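So this block is coords.txt, compact mmCIF, C-alpha atoms:
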```txt
# COMPACT_ATOMS: atom_id res chain seq x y z
CA MET A 126 0.00 0.00 0.00
CA THR A 127 1.14 3.55 -0.65
CA ARG A 128 1.03 6.34 1.93
CA THR A 129 -2.30 7.48 0.49
CA GLY A 130 -3.83 4.10 1.24
CA ARG A 131 -4.12 2.93 -2.35
CA GLU A 132 -2.52 -0.32 -3.52
CA ASN A 133 0.87 -0.26 -5.19
CA THR A 134 1.03 -0.74 -8.94
CA ILE A 135 3.96 -2.69 -10.36
CA ILE A 136 4.90 -2.33 -14.03
CA LEU A 137 6.64 -5.25 -15.73
CA ARG A 138 8.37 -4.40 -19.00
CA ALA A 139 9.45 -7.06 -21.52
CA ARG A 140 10.89 -7.13 -25.01
CA THR A 141 7.73 -8.99 -26.05
CA VAL A 142 4.43 -9.19 -24.19
CA LEU A 143 2.21 -12.04 -25.38
CA PRO A 144 -1.28 -11.65 -23.91
CA VAL A 145 -2.68 -14.64 -25.91
CA SER A 146 -6.11 -12.96 -25.85
CA ARG A 147 -4.77 -10.25 -28.23
CA PRO A 148 -1.78 -9.83 -30.59
CA PRO A 149 1.76 -9.68 -29.15
CA LEU A 150 3.28 -6.33 -28.20
CA ASP A 151 6.82 -5.25 -28.96
CA ASN A 152 8.43 -3.43 -26.00
CA GLY A 153 5.29 -4.06 -23.99
CA ALA A 154 4.34 -3.83 -20.35
CA VAL A 155 1.87 -5.24 -17.84
CA ALA A 156 0.56 -3.22 -14.89
CA ILE A 157 -0.31 -5.18 -11.74
CA THR A 158 -2.38 -3.87 -8.85
CA GLY A 159 -3.60 -5.89 -5.89
CA GLY A 160 -2.67 -9.25 -7.36
CA ARG A 161 -4.52 -8.61 -10.62
CA ILE A 162 -3.62 -7.17 -13.99
CA SER A 163 -4.79 -3.58 -14.27
CA ALA A 164 -3.50 -2.80 -17.78
CA VAL A 165 -1.58 -4.24 -20.72
CA GLY A 166 -0.01 -2.03 -23.34
CA PRO A 167 3.11 -0.35 -24.73
CA TRP A 168 5.88 0.35 -22.24
CA GLN A 169 5.93 4.05 -23.14
CA ARG A 170 2.26 4.40 -22.17
CA LEU A 171 2.35 2.40 -18.91
CA ALA A 172 5.80 3.29 -17.54
CA SER A 173 4.61 6.37 -15.66
CA ARG A 174 1.67 4.60 -14.02
CA GLY A 175 3.65 2.42 -11.64
CA ASP A 176 4.99 2.83 -8.15
CA ASP A 177 7.65 0.26 -9.06
CA CYS A 178 8.96 -0.79 -12.47
CA VAL A 179 10.78 -4.03 -13.29
CA ASP A 180 12.50 -4.42 -16.64
CA LEU A 181 12.57 -8.15 -17.43
CA GLY A 182 14.72 -7.58 -20.50
CA GLU A 183 15.00 -9.97 -23.44
CA VAL A 184 12.03 -12.21 -22.66
CA ILE A 185 8.51 -13.09 -23.71
CA LEU A 186 6.11 -12.22 -20.91
CA LEU A 187 3.01 -14.40 -21.21
CA PRO A 188 0.32 -16.04 -19.09
CA GLY A 189 1.39 -18.97 -16.95
CA MET A 190 0.64 -22.38 -18.41
CA ILE A 191 -2.65 -24.02 -17.41
CA ASN A 192 -2.06 -27.73 -16.83
CA ALA A 193 -5.63 -28.96 -17.06
CA HIS A 194 -4.94 -32.52 -15.90
CA CYS A 195 -2.28 -33.95 -13.63
CA HIS A 196 -1.67 -36.55 -10.91
CA LEU A 197 0.98 -34.85 -8.78
CA ASP A 198 1.04 -37.66 -6.23
CA TYR A 199 2.32 -40.10 -8.90
CA THR A 200 5.42 -38.03 -9.75
CA HIS A 201 7.89 -40.39 -8.09
CA MET A 202 6.57 -43.26 -10.23
CA ALA A 203 8.49 -41.83 -13.19
CA GLY A 204 10.24 -44.64 -15.03
CA GLU A 205 8.90 -47.34 -12.71
CA ILE A 206 6.27 -48.71 -15.09
CA ALA A 207 7.40 -49.79 -18.55
CA ALA A 208 4.82 -49.18 -21.25
CA PRO A 209 2.75 -52.40 -21.25
CA ARG A 210 1.09 -54.08 -24.20
CA THR A 211 -2.41 -53.15 -23.04
CA PHE A 212 -4.11 -50.45 -20.97
CA THR A 213 -5.50 -53.11 -18.64
CA GLY A 214 -1.96 -54.34 -18.08
CA TRP A 215 -0.93 -50.81 -17.08
CA LEU A 216 -3.88 -50.53 -14.68
CA LYS A 217 -2.78 -53.74 -12.97
CA LEU A 218 0.80 -52.51 -12.66
CA ILE A 219 -0.01 -49.07 -11.26
CA THR A 220 -2.56 -50.54 -8.85
CA ALA A 221 0.11 -52.88 -7.50
CA ASN A 222 2.67 -50.07 -7.37
CA LYS A 223 0.38 -47.75 -5.37
CA SER A 224 -0.48 -50.45 -2.86
CA GLY A 225 3.03 -50.33 -1.38
CA TRP A 226 3.12 -46.53 -0.89
CA LEU A 227 2.65 -44.76 2.43
CA TYR A 228 1.12 -41.33 3.08
CA SER A 229 4.62 -39.85 3.23
CA ASP A 230 5.45 -41.30 -0.19
CA PHE A 231 2.43 -39.66 -1.80
CA ALA A 232 3.13 -36.35 -0.04
CA ALA A 233 6.77 -36.23 -1.15
CA SER A 234 5.76 -37.19 -4.68
CA TRP A 235 3.09 -34.46 -4.81
CA ILE A 236 5.50 -31.77 -3.64
CA THR A 237 8.19 -32.84 -6.12
CA GLY A 238 5.68 -32.65 -8.94
CA ALA A 239 4.52 -29.19 -7.90
CA LYS A 240 8.12 -27.95 -7.92
CA MET A 241 8.59 -29.36 -11.43
CA LEU A 242 5.50 -27.63 -12.75
CA LEU A 243 6.50 -24.30 -11.23
CA ARG A 244 10.00 -24.20 -12.66
CA ASN A 245 8.65 -25.29 -16.05
CA GLY A 246 6.10 -22.51 -16.35
CA THR A 247 2.80 -23.80 -14.97
CA THR A 248 0.91 -21.45 -12.68
CA THR A 249 -2.45 -23.29 -12.48
CA VAL A 250 -2.95 -27.05 -12.33
CA GLY A 251 -6.04 -29.21 -12.27
CA ASP A 252 -4.92 -32.09 -10.07
CA VAL A 253 -6.65 -35.38 -9.28
CA GLU A 254 -6.18 -36.15 -5.58
CA MET A 255 -6.07 -39.86 -4.90
CA VAL A 256 -5.10 -39.10 -1.28
CA PRO A 257 -7.38 -36.24 -0.15
CA ASP A 258 -5.78 -36.32 3.31
CA LEU A 259 -2.80 -34.54 1.73
CA LEU A 260 -4.95 -31.41 1.67
CA PRO A 261 -4.53 -28.69 2.73
CA GLU A 262 -0.94 -29.28 3.87
CA VAL A 263 0.49 -29.76 0.37
CA TRP A 264 -1.22 -26.55 -0.79
CA THR A 265 1.00 -24.62 1.61
CA ALA A 266 4.10 -26.21 0.06
CA THR A 267 3.61 -24.52 -3.33
CA PRO A 268 2.62 -21.12 -4.70
CA LEU A 269 0.75 -22.83 -7.56
CA ARG A 270 -2.94 -22.22 -8.06
CA VAL A 271 -4.22 -25.77 -7.59
CA ILE A 272 -7.69 -27.05 -8.46
CA SER A 273 -7.75 -30.26 -6.40
CA CYS A 274 -10.39 -32.70 -7.62
CA LEU A 275 -11.01 -35.48 -5.12
CA GLU A 276 -10.85 -38.92 -6.72
CA MET A 277 -13.75 -41.31 -6.12
CA THR A 278 -14.23 -44.92 -7.18
CA GLY A 279 -16.20 -47.72 -5.53
CA VAL A 280 -17.36 -50.30 -8.09
CA ILE A 281 -15.55 -53.22 -6.48
CA ARG A 282 -15.83 -52.46 -2.76
CA ARG A 283 -19.44 -51.45 -3.45
CA ARG A 284 -19.69 -48.75 -0.82
CA PRO A 285 -22.92 -46.77 -1.03
CA PRO A 286 -22.52 -43.89 -3.50
CA ALA A 287 -24.02 -41.38 -1.07
CA GLU A 288 -21.41 -42.35 1.52
CA ILE A 289 -18.52 -41.87 -0.93
CA LEU A 290 -19.79 -38.49 -2.10
CA GLY A 291 -20.56 -37.44 1.47
CA GLU A 292 -16.97 -38.08 2.52
CA ALA A 293 -15.70 -35.99 -0.40
CA GLU A 294 -18.07 -33.12 0.39
CA THR A 295 -17.14 -33.20 4.07
CA LYS A 296 -13.46 -32.96 3.10
CA ILE A 297 -14.12 -30.09 0.73
CA GLU A 298 -16.07 -28.16 3.35
CA SER A 299 -13.24 -28.60 5.87
CA LEU A 300 -10.66 -26.94 3.61
CA PRO A 301 -9.74 -23.26 3.96
CA ARG A 302 -10.59 -20.76 1.25
CA SER A 303 -7.40 -19.77 -0.55
CA ARG A 304 -5.96 -19.35 -4.03
CA CYS A 305 -6.55 -23.13 -4.34
CA ALA A 306 -9.96 -24.64 -5.00
CA THR A 307 -11.63 -28.03 -5.13
CA GLY A 308 -13.76 -30.23 -7.35
CA PHE A 309 -14.74 -33.84 -7.82
CA SER A 310 -13.14 -36.63 -9.82
CA PRO A 311 -15.22 -39.76 -10.35
CA HIS A 312 -12.28 -41.69 -11.73
CA ALA A 313 -13.63 -43.32 -14.91
CA PRO A 314 -16.76 -45.11 -16.15
CA TYR A 315 -15.24 -48.52 -15.50
CA SER A 316 -14.23 -47.65 -11.91
CA THR A 317 -17.20 -45.52 -10.81
CA ALA A 318 -20.66 -46.91 -10.13
CA PRO A 319 -23.51 -45.28 -12.10
CA GLY A 320 -25.17 -44.12 -8.89
CA LEU A 321 -22.02 -42.29 -7.85
CA LEU A 322 -21.74 -40.68 -11.29
CA ARG A 323 -25.28 -39.31 -11.02
CA LEU A 324 -24.83 -37.98 -7.49
CA THR A 325 -21.44 -36.43 -8.19
CA ALA A 326 -22.58 -34.72 -11.39
CA ALA A 327 -25.50 -33.19 -9.48
CA ALA A 328 -23.19 -32.08 -6.64
CA ALA A 329 -20.74 -30.46 -9.11
CA ARG A 330 -23.58 -28.53 -10.72
CA ARG A 331 -24.89 -27.43 -7.33
CA ARG A 332 -21.47 -26.30 -6.14
CA ARG A 333 -20.48 -24.90 -9.56
CA CYS A 334 -17.15 -26.68 -9.35
CA PRO A 335 -15.23 -28.83 -11.85
CA MET A 336 -15.87 -32.54 -12.28
CA VAL A 337 -12.81 -34.17 -13.83
CA THR A 338 -13.11 -37.71 -15.15
CA HIS A 339 -11.13 -40.06 -17.40
CA LEU A 340 -13.49 -40.83 -20.28
CA ALA A 341 -13.19 -42.84 -23.50
CA GLU A 342 -9.49 -43.30 -22.79
CA SER A 343 -8.78 -46.69 -24.41
CA ASP A 344 -10.03 -49.21 -26.96
CA GLU A 345 -10.52 -51.64 -24.07
CA GLU A 346 -12.84 -49.22 -22.26
CA PHE A 347 -14.71 -48.64 -25.53
CA ASP A 348 -15.16 -52.39 -26.09
CA MET A 349 -16.26 -52.91 -22.48
CA PHE A 350 -19.13 -50.42 -22.68
CA THR A 351 -20.06 -50.63 -26.33
CA HIS A 352 -19.84 -54.39 -26.84
CA GLY A 353 -19.57 -55.94 -23.36
CA ARG A 354 -16.31 -57.69 -24.14
CA GLY A 355 -12.51 -57.38 -24.05
CA GLU A 356 -9.62 -57.58 -21.62
CA LEU A 357 -10.82 -54.78 -19.32
CA PHE A 358 -14.32 -56.30 -19.24
CA GLU A 359 -12.94 -59.72 -18.30
CA TRP A 360 -10.55 -58.38 -15.63
CA LEU A 361 -13.21 -56.32 -13.89
CA THR A 362 -15.71 -59.18 -14.09
CA LYS A 363 -13.24 -61.42 -12.26
CA ASN A 364 -12.82 -58.68 -9.63
CA GLY A 365 -16.54 -58.56 -8.88
CA ARG A 366 -17.65 -55.45 -10.76
CA ASP A 367 -21.34 -55.41 -11.69
CA MET A 368 -21.19 -55.39 -15.49
CA ALA A 369 -24.89 -54.74 -16.12
CA ASP A 370 -24.06 -51.27 -17.46
CA CYS A 371 -21.95 -52.70 -20.29
CA GLY A 372 -22.95 -53.45 -23.86
CA LEU A 373 -25.34 -50.51 -23.96
CA GLY A 374 -23.39 -47.88 -25.90
CA THR A 375 -20.15 -45.92 -25.92
CA PRO A 376 -18.52 -44.59 -22.72
CA VAL A 377 -19.71 -41.09 -23.67
CA GLN A 378 -23.27 -42.37 -24.11
CA HIS A 379 -22.95 -44.13 -20.74
CA TYR A 380 -22.21 -40.80 -19.07
CA GLU A 381 -25.11 -39.16 -20.91
CA ARG A 382 -27.55 -41.82 -19.64
CA HIS A 383 -26.51 -41.04 -16.09
CA GLY A 384 -26.67 -37.25 -16.37
CA ALA A 385 -22.89 -36.92 -16.07
CA LEU A 386 -22.25 -34.60 -19.03
CA ASN A 387 -22.53 -30.86 -18.46
CA LYS A 388 -20.50 -27.65 -18.64
CA ASN A 389 -18.74 -28.40 -15.33
CA VAL A 390 -17.25 -31.61 -16.73
CA LEU A 391 -13.68 -31.99 -17.98
CA ALA A 392 -13.37 -35.27 -19.87
CA VAL A 393 -9.75 -36.40 -19.81
CA HIS A 394 -8.42 -38.18 -22.93
CA ALA A 395 -11.58 -38.78 -25.07
CA ASN A 396 -9.46 -40.83 -27.44
CA CYS A 397 -12.07 -43.39 -28.47
CA LEU A 398 -15.30 -41.85 -29.69
CA GLY A 399 -18.29 -43.40 -31.42
CA PRO A 400 -20.50 -41.74 -34.05
CA GLY A 401 -22.13 -38.65 -32.58
CA ASP A 402 -20.02 -38.62 -29.39
CA ALA A 403 -18.17 -35.41 -30.26
CA ASP A 404 -21.45 -33.63 -31.05
CA LEU A 405 -22.89 -34.86 -27.75
CA LEU A 406 -19.90 -33.52 -25.81
CA SER A 407 -20.31 -30.20 -27.59
CA ARG A 408 -24.05 -29.94 -26.89
CA ARG A 409 -23.41 -30.58 -23.21
CA LYS A 410 -20.53 -28.03 -23.23
CA VAL A 411 -18.05 -30.63 -21.92
CA SER A 412 -14.35 -29.73 -22.27
CA VAL A 413 -11.71 -32.31 -23.21
CA ALA A 414 -8.17 -32.50 -21.84
CA HIS A 415 -5.59 -34.12 -24.10
CA CYS A 416 -2.25 -35.27 -22.64
CA PRO A 417 0.15 -35.58 -25.62
CA ARG A 418 3.08 -37.38 -23.98
CA SER A 419 0.81 -39.85 -22.18
CA HIS A 420 -0.98 -40.44 -25.49
CA SER A 421 2.39 -41.30 -27.06
CA TYR A 422 3.38 -43.54 -24.12
CA PHE A 423 0.34 -45.76 -24.68
CA ASN A 424 0.83 -45.65 -28.48
CA ARG A 425 -2.78 -44.57 -28.97
CA PRO A 426 -4.38 -44.08 -32.38
CA PRO A 427 -4.37 -40.44 -33.52
CA PHE A 428 -6.20 -38.13 -31.12
CA PRO A 429 -9.57 -37.11 -32.71
CA LEU A 430 -8.78 -33.38 -32.63
CA ALA A 431 -10.44 -32.56 -35.95
CA GLU A 432 -13.65 -34.32 -34.93
CA LEU A 433 -13.78 -32.55 -31.57
CA THR A 434 -12.94 -29.07 -32.85
CA ARG A 435 -15.34 -29.43 -35.79
CA ALA A 436 -18.07 -30.15 -33.23
CA GLY A 437 -17.04 -27.08 -31.22
CA VAL A 438 -15.60 -28.87 -28.18
CA ASN A 439 -13.17 -26.88 -26.03
CA VAL A 440 -9.90 -28.86 -26.12
CA CYS A 441 -7.10 -28.13 -23.65
CA LEU A 442 -3.82 -29.77 -22.63
CA GLY A 443 -2.42 -31.50 -19.55
CA THR A 444 0.59 -33.49 -18.50
CA ASP A 445 -1.17 -36.49 -16.91
CA SER A 446 1.29 -38.17 -14.51
CA LEU A 447 4.91 -39.22 -14.90
CA ALA A 448 3.76 -42.82 -14.46
CA SER A 449 2.78 -42.66 -18.15
CA VAL A 450 5.58 -40.64 -19.76
CA HIS A 451 8.58 -42.11 -21.57
CA GLN A 452 12.05 -41.55 -20.13
CA VAL A 453 14.34 -40.09 -22.81
CA ARG A 454 17.88 -41.48 -22.88
CA LYS A 455 17.74 -42.20 -19.16
CA LYS A 456 17.09 -38.52 -18.50
CA PRO A 457 14.57 -38.11 -15.65
CA ALA A 458 11.19 -37.05 -16.99
CA GLU A 459 9.71 -33.75 -15.83
CA LEU A 460 6.17 -32.46 -15.58
CA ASP A 461 6.53 -29.80 -18.25
CA MET A 462 3.79 -28.13 -20.26
CA PHE A 463 6.30 -26.85 -22.81
CA ALA A 464 7.19 -30.49 -23.56
CA GLU A 465 3.47 -31.21 -24.01
CA LEU A 466 3.18 -28.24 -26.40
CA ARG A 467 6.06 -29.54 -28.50
CA GLN A 468 4.65 -33.09 -28.61
CA PHE A 469 1.25 -31.76 -29.60
CA ALA A 470 2.67 -29.45 -32.29
CA GLU A 471 4.64 -32.37 -33.76
CA ALA A 472 1.47 -34.49 -33.92
CA PHE A 473 -0.53 -31.68 -35.56
CA PRO A 474 1.97 -29.68 -37.66
CA ALA A 475 -0.77 -27.90 -39.61
CA LEU A 476 -1.99 -26.09 -36.49
CA ALA A 477 -0.92 -22.49 -36.02
CA PRO A 478 1.40 -21.99 -33.01
CA ARG A 479 -1.12 -19.53 -31.58
CA THR A 480 -3.82 -22.23 -31.59
CA VAL A 481 -1.49 -24.66 -29.83
CA LEU A 482 -0.64 -22.12 -27.12
CA GLN A 483 -4.31 -21.30 -26.59
CA MET A 484 -4.91 -24.93 -25.65
CA ALA A 485 -2.44 -24.56 -22.76
CA THR A 486 -3.77 -21.18 -21.64
CA VAL A 487 -7.25 -19.78 -22.39
CA ASN A 488 -8.77 -23.18 -23.23
CA GLY A 489 -7.47 -24.71 -20.01
CA ALA A 490 -8.80 -21.77 -18.02
CA ARG A 491 -12.25 -22.27 -19.54
CA ALA A 492 -12.16 -26.00 -18.79
CA LEU A 493 -11.40 -25.39 -15.11
CA GLY A 494 -14.03 -22.69 -14.67
CA LEU A 495 -11.47 -19.86 -14.63
CA ALA A 496 -12.15 -18.14 -17.97
CA GLY A 497 -11.02 -14.54 -17.91
CA LYS A 498 -9.18 -15.07 -14.63
CA VAL A 499 -6.10 -17.05 -15.73
CA GLY A 500 -4.53 -18.08 -19.03
CA GLU A 501 -4.46 -14.58 -20.52
CA LEU A 502 -2.97 -11.15 -19.86
CA SER A 503 -6.02 -8.91 -19.66
CA ALA A 504 -7.47 -6.35 -17.27
CA ARG A 505 -8.91 -7.92 -14.10
CA ALA A 506 -7.28 -11.31 -14.72
CA TYR A 507 -5.12 -12.69 -11.94
CA ALA A 508 -1.49 -11.63 -12.25
CA ASP A 509 -0.34 -15.17 -13.04
CA LEU A 510 2.42 -14.87 -15.61
CA ILE A 511 5.79 -16.21 -16.67
CA ALA A 512 8.81 -14.98 -18.60
CA ILE A 513 10.95 -17.07 -20.96
CA PRO A 514 14.18 -15.99 -22.68
CA PHE A 515 13.63 -14.66 -26.20
CA THR A 516 15.67 -12.54 -28.59
CA GLY A 517 13.63 -13.04 -31.77
CA ALA A 518 11.18 -10.76 -33.53
CA THR A 519 7.87 -10.09 -31.83
CA ARG A 520 6.00 -11.51 -34.83
CA GLU A 521 7.68 -14.85 -34.03
CA ALA A 522 6.62 -14.91 -30.39
CA TYR A 523 4.23 -17.85 -30.68
CA GLU A 524 6.90 -19.91 -32.43
CA GLY A 525 9.33 -18.84 -29.70
CA VAL A 526 7.05 -20.20 -26.99
CA LEU A 527 6.72 -23.58 -28.71
CA ALA A 528 10.50 -23.77 -29.18
CA HIS A 529 11.28 -22.97 -25.53
CA ARG A 530 13.22 -25.56 -23.54
CA GLY A 531 14.51 -25.27 -20.01
CA LEU A 532 13.44 -23.34 -16.96
CA VAL A 533 11.41 -20.14 -17.03
CA ALA A 534 13.21 -16.88 -16.33
CA ALA A 535 10.53 -15.71 -13.90
CA SER A 536 7.11 -16.69 -12.58
CA MET A 537 4.47 -14.65 -10.77
CA ILE A 538 1.22 -15.90 -9.21
CA ALA A 539 -1.44 -13.53 -7.85
CA GLY A 540 1.03 -10.64 -8.17
CA GLU A 541 3.71 -12.33 -6.02
CA TRP A 542 7.00 -13.62 -7.38
CA ALA A 543 7.07 -17.42 -7.33
CA ILE A 544 10.39 -17.39 -9.21
CA ARG A 545 12.20 -14.06 -9.09
CA PRO A 546 13.80 -12.69 -12.28
```
As structure tokens, please, write out the structure in this file.
Amino acid sequence: MTRTGRENTIILRARTVLPVSRPPLDNGAVAITGGRISAVGPWQRLASRGDDCVDLGEVILLPGMINAHCHLDYTHMAGEIAAPRTFTGWLKLITANKSGWLYSDFAASWITGAKMLLRNGTTTVGDVEMVPDLLPEVWTATPLRVISCLEMTGVIRRRPPAEILGEAETKIESLPRSRCATGFSPHAPYSTAPGLLRLTAAAARRRRCPMVTHLAESDEEFDMFTHGRGELFEWLTKNGRDMADCGLGTPVQHYERHGALNKNVLAVHANCLGPGDADLLSRRKVSVAHCPRSHSYFNRPPFPLAELTRAGVNVCLGTDSLASVHQVRKKPAELDMFAELRQFAEAFPALAPRTVLQMATVNGARALGLAGKVGELSARAYADLIAIPFTGATREAYEGVLAHRGLVAASMIAGEWAIRP
């Protein structure tokens, strides 16, 4: 605060300012007041408005990356699970791997993952919390803006759906209000009972919070629901799952039957769609999170981007977990949205760099219910931004972002330095 009682305004100057929501600015600046952006424009126009000015130099100043889907508590599983022949085989391996972990293992893994995201340019992450007891302690260990969606299953243990949801709601209500927020995550159609899907979808609508769910991820899931057959169907049958909901239509149609498709829903993966599924997702205003490196790890068929975008579905990007990312030449894998951008751009070379970056910024913000608040540099948005080294021409800024490798030069969240320049 100044002596007059008004809040300080900080001016950040950069060689290139890339708002994403508008064209890039050469020799641009961002004004920040009270943790929010108050103006974006040419340096010459904004320089005199600040109480403090910081010249970031030869960088691109842009919104922090929005990682729409992650499992931070799996970070230390990097390299522990070789890519199996089938998705069901991977499920068996990760289930066995998790069974030997203690609370302290999950906590350390979560914190390591958060540190990775921060140094690699993420400022907001939509995280699936398999161990809700980690909250709120792990929130205090990171400056990240975390949307923690509490994972729920229950098809094998057959606990009453109302009991499972009640526990999640009790946990959510016990958490302090902060820069972090909460949501629900009914894990997937094969692991979540229909009754729990219905109740959770209704609760997410009532609370106006995100509901994140893995949907239409694999051919095996598609076969299980559409045809009532396949390896996943057989494995879950042997484990006591009630399979009466199988053989009735695609996984997307399964969610529609149970009222689990609406604008609060973020469908993760959506790799295997039947006729009309993309249009159905669009009509229900469901967003889709694609995780490019995880997609490559499982050697999936091409992601149906054209089908989804033609239908008008909001598609964003996430990292998924390091339990499903290839190690490169024995180099430890990192949670890194820039690596996801590169992988995605390689898979879809015809896409404009601006379109690719939007998927990791404004599209992710929309998917997590934060449109206009994060993922762009605009007046009244949170001052969540990053700087990356750049000496090219401003007209090449989008290409410069996609080419970036290494740590960010600076990171700010809610107007506070998370990584100082």
Check: Pick the closest to A:Ala385 from A:Asn222, A:Ala458, A:Phe309, A:Ile297: which is it, counting all atoms listed in the file?
Finding: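 Using all atoms listed in the file, the shortest distance to A:Ala385 belongs to A:Phe309.
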Of the candidates A:Arg161, A:Arg210, A:Arg408, A:His312, which one gets nearest to A:Glu356 if we count all atoms listed in the file?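 Of A:Arg161, A:Arg210, A:Arg408, A:His312, the one nearest A:Glu356, counting all atoms listed in the file, is A:Arg210.
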Determine, counting only C-alpha atoms, which protein, DNA and RNA residues have an atom within 12 Å of an atom of A:Asp198; residues of the same chain fewer than 4 positions away are not included. Present the result as a PyMOL selection string.
-> chain A and resi 202-203+223+226-239+252-260+263+273+276+445-448+460
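Distance annotation: of A:Lys455, A:His529, A:Lys217, A:Arg520, the residue with the minimal separation from A:Asp151 is A:Arg520; atom set is only C-alpha atoms.
The environment of A:Ser407 within 12 Å, counting all atoms listed in the file and disregarding residues fewer than 3 places along the same chain, consists of Val377, Leu386, Asn387, Lys388, Val390, Leu391, Ala392, Gly401, Asp402, Ala403, Asp404, Lys410, Val411, Ser412, Val413, Glu432, Leu433, Thr434, Arg435, Ala436, Gly437, Val438, Asn439 and Val440 of chain A.
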I need the residues from that last selection saved to file as a compact mmCIF listing (two decimals), keeping the file's coordinate frame (with C-alpha atoms), if you can.
```
# COMPACT_ATOMS: atom_id res chain seq x y z
CA VAL A 377 -19.71 -41.09 -23.67
CA LEU A 386 -22.25 -34.60 -19.03
CA ASN A 387 -22.53 -30.86 -18.46
CA LYS A 388 -20.50 -27.65 -18.64
CA VAL A 390 -17.25 -31.61 -16.73
CA LEU A 391 -13.68 -31.99 -17.98
CA ALA A 392 -13.37 -35.27 -19.87
CA GLY A 401 -22.13 -38.65 -32.58
CA ASP A 402 -20.02 -38.62 -29.39
CA ALA A 403 -18.17 -35.41 -30.26
CA ASP A 404 -21.45 -33.63 -31.05
CA LYS A 410 -20.53 -28.03 -23.23
CA VAL A 411 -18.05 -30.63 -21.92
CA SER A 412 -14.35 -29.73 -22.27
CA VAL A 413 -11.71 -32.31 -23.21
CA GLU A 432 -13.65 -34.32 -34.93
CA LEU A 433 -13.78 -32.55 -31.57
CA THR A 434 -12.94 -29.07 -32.85
CA ARG A 435 -15.34 -29.43 -35.79
CA ALA A 436 -18.07 -30.15 -33.23
CA GLY A 437 -17.04 -27.08 -31.22
CA VAL A 438 -15.60 -28.87 -28.18
CA ASN A 439 -13.17 -26.88 -26.03
CA VAL A 440 -9.90 -28.86 -26.12
```
The residue from A:Gly489, A:Pro426, A:Gly399, A:Gly160 with the smallest atom-to-atom distance to A:Ile135, counting all atoms listed in the file, is A:Gly160
If you count all atoms listed in the file, the residue of A:Thr213, A:Thr247, A:Ser503, A:Thr325 closest to A:Ile544 turns out to be A:Thr247
N, CA and C atoms restored at stretch 162-175 of chain A, emitted as a compact mmCIF listing (two decimals), keeping the file's coordinate frame:
```txt
# COMPACT_ATOMS: atom_id res chain seq x y z
N ILE A 162 -4.10 -8.01 -12.91
CA ILE A 162 -3.62 -7.17 -13.99
C ILE A 162 -4.55 -5.97 -14.13
N SER A 163 -3.98 -4.79 -14.12
CA SER A 163 -4.79 -3.58 -14.27
C SER A 163 -4.70 -2.98 -15.67
N ALA A 164 -3.63 -3.30 -16.41
CA ALA A 164 -3.50 -2.80 -17.78
C ALA A 164 -2.43 -3.57 -18.52
N VAL A 165 -2.58 -3.65 -19.83
CA VAL A 165 -1.58 -4.24 -20.72
C VAL A 165 -1.43 -3.29 -21.90
N GLY A 166 -0.19 -2.95 -22.23
CA GLY A 166 -0.01 -2.03 -23.34
C GLY A 166 1.45 -1.73 -23.61
N PRO A 167 1.73 -0.73 -24.43
CA PRO A 167 3.11 -0.35 -24.73
C PRO A 167 3.82 0.17 -23.47
N TRP A 168 5.08 -0.10 -23.38
CA TRP A 168 5.88 0.35 -22.24
C TRP A 168 5.82 1.87 -22.10
N GLN A 169 5.91 2.58 -23.20
CA GLN A 169 5.93 4.05 -23.14
C GLN A 169 4.65 4.60 -22.49
N ARG A 170 3.54 3.91 -22.70
CA ARG A 170 2.26 4.40 -22.17
C ARG A 170 2.08 4.04 -20.70
N LEU A 171 2.61 2.87 -20.27
CA LEU A 171 2.35 2.40 -18.91
C LEU A 171 3.46 2.74 -17.92
N ALA A 172 4.64 3.10 -18.42
CA ALA A 172 5.80 3.29 -17.54
C ALA A 172 5.55 4.26 -16.41
N SER A 173 4.81 5.33 -16.67
CA SER A 173 4.61 6.37 -15.66
C SER A 173 3.50 6.04 -14.66
N ARG A 174 2.80 4.94 -14.87
CA ARG A 174 1.67 4.60 -14.02
C ARG A 174 2.06 3.83 -12.76
N GLY A 175 3.28 3.33 -12.72
CA GLY A 175 3.65 2.42 -11.64
C GLY A 175 4.36 3.07 -10.47
```
